[in-house]
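Data first, discussion second: the structure below is written as structure tokens.
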Amino acid sequence: MRLLTFVLTSGFLLMACGDAPVTNSTGLADQSRPDSTELATTVIARQAPMPDCPVNGKVLEGNTYYSVSQDLFIAITADSTTRDEQLGASHRKLLVYNANNCQLIEQETLPVDRSPDFNYQIADINYNSSAQQLAIRGTTQLYVYDLQQKTLTGPFKPQFSSERYGIDAQSGNIQQLEVWESYLIGYVQDYGAFVFKLNDKDQPVPVFPMAEYQDEMDSYSQAFLLPSDRGAQVILPTFNRRDRLFRINPVFEQPVALDPQTVATAQDNRFLLLRENDGNERAIVIDLKKRERADLPADIERKGNEDILDWMEVMQ
């Protein structure tokens, strides 16, 4: 059967506050404009001055965070208490300071994740104007620190819609993790992308893809639906291992109203067909192998699903 029924849930929770994240190093380029998903209304400045608090231990680049709204300065460090006799520095101590007086509020030593010299890293923040949760990426697992409640939850493992099998010792390592307003979006080596929905004061909830395609090289491509009050966005996350470049790749310039009744797939999920819910019911076809929206002629985009998918197979 080509036709799969997929109910498009709508609405997502935005939590109120605005913080100053650290510098991003993912090179998201134009594919990650905030208006592409409407997940935020303001791009947060990424070069806010950090409090001049003395931190005990070594700190890697990008492993500090200043929450202006909660007056918190957070760092992940490596010190004598985490040092491994054979492998040396182990960056896994979470320190939380009062940003006004630099008083240490709490500290937590995170467990070794695969190896002591595999560091924990504060997740990159993109277009985050309201979330009060800070994500921390380990090698195979992640944590979430609630800035308002000052509580740490986790660990959480990336979730996938089908079983994954390792190729080598690096398989299963989290390559990238980013906060996009109330979503966590990441990428795992050889396993593909994953998404969590951040809920206020609740544990993150995995968001599974609308469609997932596995090519002849056993590489995964996924299309995720991110609902909003103004419609829905579809993202096609990618990670270039050579350049270490992670892209969210939103399909639409802004959220689109989609028909909530039916989604169609073809060629082992390579093609994903959606319908606009605008009265014209124009078809939207996404090619997961190419990770892009396919161009449909005007005389094709309003045909039935079977006809459109037959046309796509012939054209490809």
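Identifiers in the structure tokens: chain A, B, ... in order shown; residue index from 1 per chain; ligand index from 1 in order shown.
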*Near stretch 102-111 of chain A, within 9 Å and counting only C-alpha atoms, which residues show up once chain neighbours fewer than 2 positions away are dropped, as JSON, numbers by chain?*
{"A": [51, 52, 53, 54, 72, 73, 81, 82, 91, 92, 93, 94, 95, 96, 97, 98, 99, 100, 113, 116, 120, 150, 152]}
*Report as a VMD selection string: the residues of stretch 242-298 of chain A with a DSSP assignment of strand (DSSP E or B), based on the backbone of this structure.*
chain A and resid 245 to 247 250 256 258 263 to 266 271 to 276 283 to 287 292 to 293
*asked:* Let me make sure I understand: among A:Met312, A:Ala294, A:Glu85, A:Gln133, which one has the smallest atom-to-atom distance to A:Asp117 if we use only C-alpha atoms?
replied: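 Selected residue with least distance to A:Asp117: A:Glu85.
Across A:Leu288, A:Val234, A:Met50, A:Leu184, the tightest approach to A:Gln214 is made by A:Leu288 when counting only C-alpha atoms.
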_I'd like the neighbourhood of stretch 235-242 of chain A as a ChimeraX atom specification, where a residue qualifies if any of its atoms comes within 9 Å (using only C-alpha atoms), though same-chain residues fewer than 4 positions away should be ignored._
/A:37,175-176,185-189,192-194,221-226,246-252,288,291-292
*If you count only C-alpha atoms, which residues fall within 7 Å of A:Ala266, apart from same-chain ones fewer than 3 positions away, as a VMD selection string?*
chain A and resid 2 269 to 272 309
Restricted to N, CA, C and O atoms, what would the selected residues look like written as a compact mmCIF listing (two decimals), in the first residue's frame?
# COMPACT_ATOMS: atom_id res chain seq x y z
N ARG A 2 0.50 2.18 -0.90
CA ARG A 2 1.29 3.40 -0.96
C ARG A 2 0.80 4.45 0.01
O ARG A 2 1.52 5.34 0.40
N ASN A 269 9.71 4.76 0.56
CA ASN A 269 9.73 6.03 1.30
C ASN A 269 10.66 7.08 0.69
O ASN A 269 10.90 8.12 1.32
N ARG A 270 11.16 6.85 -0.50
CA ARG A 270 11.99 7.90 -1.10
C ARG A 270 11.17 9.16 -1.33
O ARG A 270 11.65 10.27 -1.09
N PHE A 271 9.94 8.99 -1.82
CA PHE A 271 9.09 10.13 -2.11
C PHE A 271 8.00 10.25 -1.06
O PHE A 271 7.32 9.27 -0.73
N LEU A 272 7.84 11.44 -0.54
CA LEU A 272 6.81 11.77 0.44
C LEU A 272 5.88 12.79 -0.19
O LEU A 272 6.32 13.85 -0.64
N LEU A 309 2.56 10.07 -8.01
CA LEU A 309 3.66 9.18 -7.65
C LEU A 309 4.12 8.35 -8.85
O LEU A 309 5.31 8.09 -9.01
Tell me, as a tab-separated table (two decimals) with all heavy atoms, in the first residue's frame, which residues lie within 7 Å of A:Gln141, counting only C-alpha atoms; anything in the same chain fewer than 2 positions away does not count.
chain	number	residue	atom	x	y	z
A	137	ARG	N	25.03	17.59	25.47
A	137	ARG	CA	25.27	16.44	24.60
A	137	ARG	C	26.45	15.62	25.10
A	137	ARG	O	27.55	16.12	25.27
A	137	ARG	CB	25.55	16.92	23.17
A	137	ARG	CG	26.09	15.83	22.24
A	137	ARG	CD	26.22	16.35	20.82
A	137	ARG	NE	27.14	17.48	20.70
A	137	ARG	CZ	28.45	17.37	20.52
A	137	ARG	NH1	29.02	16.18	20.47
A	137	ARG	NH2	29.20	18.45	20.39
A	138	GLY	N	26.20	14.33	25.34
A	138	GLY	CA	27.27	13.40	25.60
A	138	GLY	C	27.68	12.71	24.32
A	138	GLY	O	27.39	13.19	23.22
A	139	THR	N	28.31	11.56	24.43
A	139	THR	CA	28.71	10.82	23.24
A	139	THR	C	27.56	10.01	22.67
A	139	THR	O	27.35	9.97	21.46
A	139	THR	CB	29.89	9.89	23.56
A	139	THR	OG1	30.96	10.66	24.11
A	139	THR	CG2	30.39	9.19	22.31
A	155	PRO	N	19.85	10.51	31.89
A	155	PRO	CA	20.15	10.69	30.46
A	155	PRO	C	19.02	10.21	29.55
A	155	PRO	O	18.22	9.37	29.94
A	155	PRO	CB	21.40	9.82	30.26
A	155	PRO	CG	21.23	8.72	31.27
A	155	PRO	CD	20.57	9.36	32.46
A	156	PHE	N	19.01	10.78	28.32
A	156	PHE	CA	18.09	10.37	27.29
A	156	PHE	C	18.89	9.88	26.09
A	156	PHE	O	19.90	10.48	25.74
A	156	PHE	CB	17.19	11.54	26.87
A	156	PHE	CG	16.44	12.17	28.01
A	156	PHE	CD1	16.89	13.36	28.56
A	156	PHE	CD2	15.31	11.57	28.53
A	156	PHE	CE1	16.21	13.95	29.61
A	156	PHE	CE2	14.62	12.15	29.58
A	156	PHE	CZ	15.07	13.34	30.13
A	157	LYS	N	18.40	8.82	25.48
A	157	LYS	CA	19.04	8.28	24.29
A	157	LYS	C	18.27	8.75	23.05
A	157	LYS	O	17.04	8.80	23.07
A	157	LYS	CB	19.04	6.75	24.33
A	157	LYS	CG	19.93	6.15	25.42
A	157	LYS	CD	21.37	6.12	24.99
A	157	LYS	CE	22.21	5.33	25.97
A	157	LYS	NZ	23.63	5.23	25.55
A	158	PRO	N	18.96	9.07	21.97
A	158	PRO	CA	18.25	9.37	20.73
A	158	PRO	C	17.34	8.21	20.35
A	158	PRO	O	17.71	7.04	20.51
A	158	PRO	CB	19.39	9.55	19.71
A	158	PRO	CG	20.56	9.97	20.53
A	158	PRO	CD	20.43	9.23	21.82
*For atom CA of A:Glu61 and atom CA of A:Lys197, determine how far apart the two atoms are, in Å to one decimal place.*
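A separation of 26.6 Å between them.
In terms of minimum interatomic distance to A:Ile167, A:Met217 ranks closest within A:Ile125, A:Leu134, A:Val144, A:Met217, counting only C-alpha atoms.
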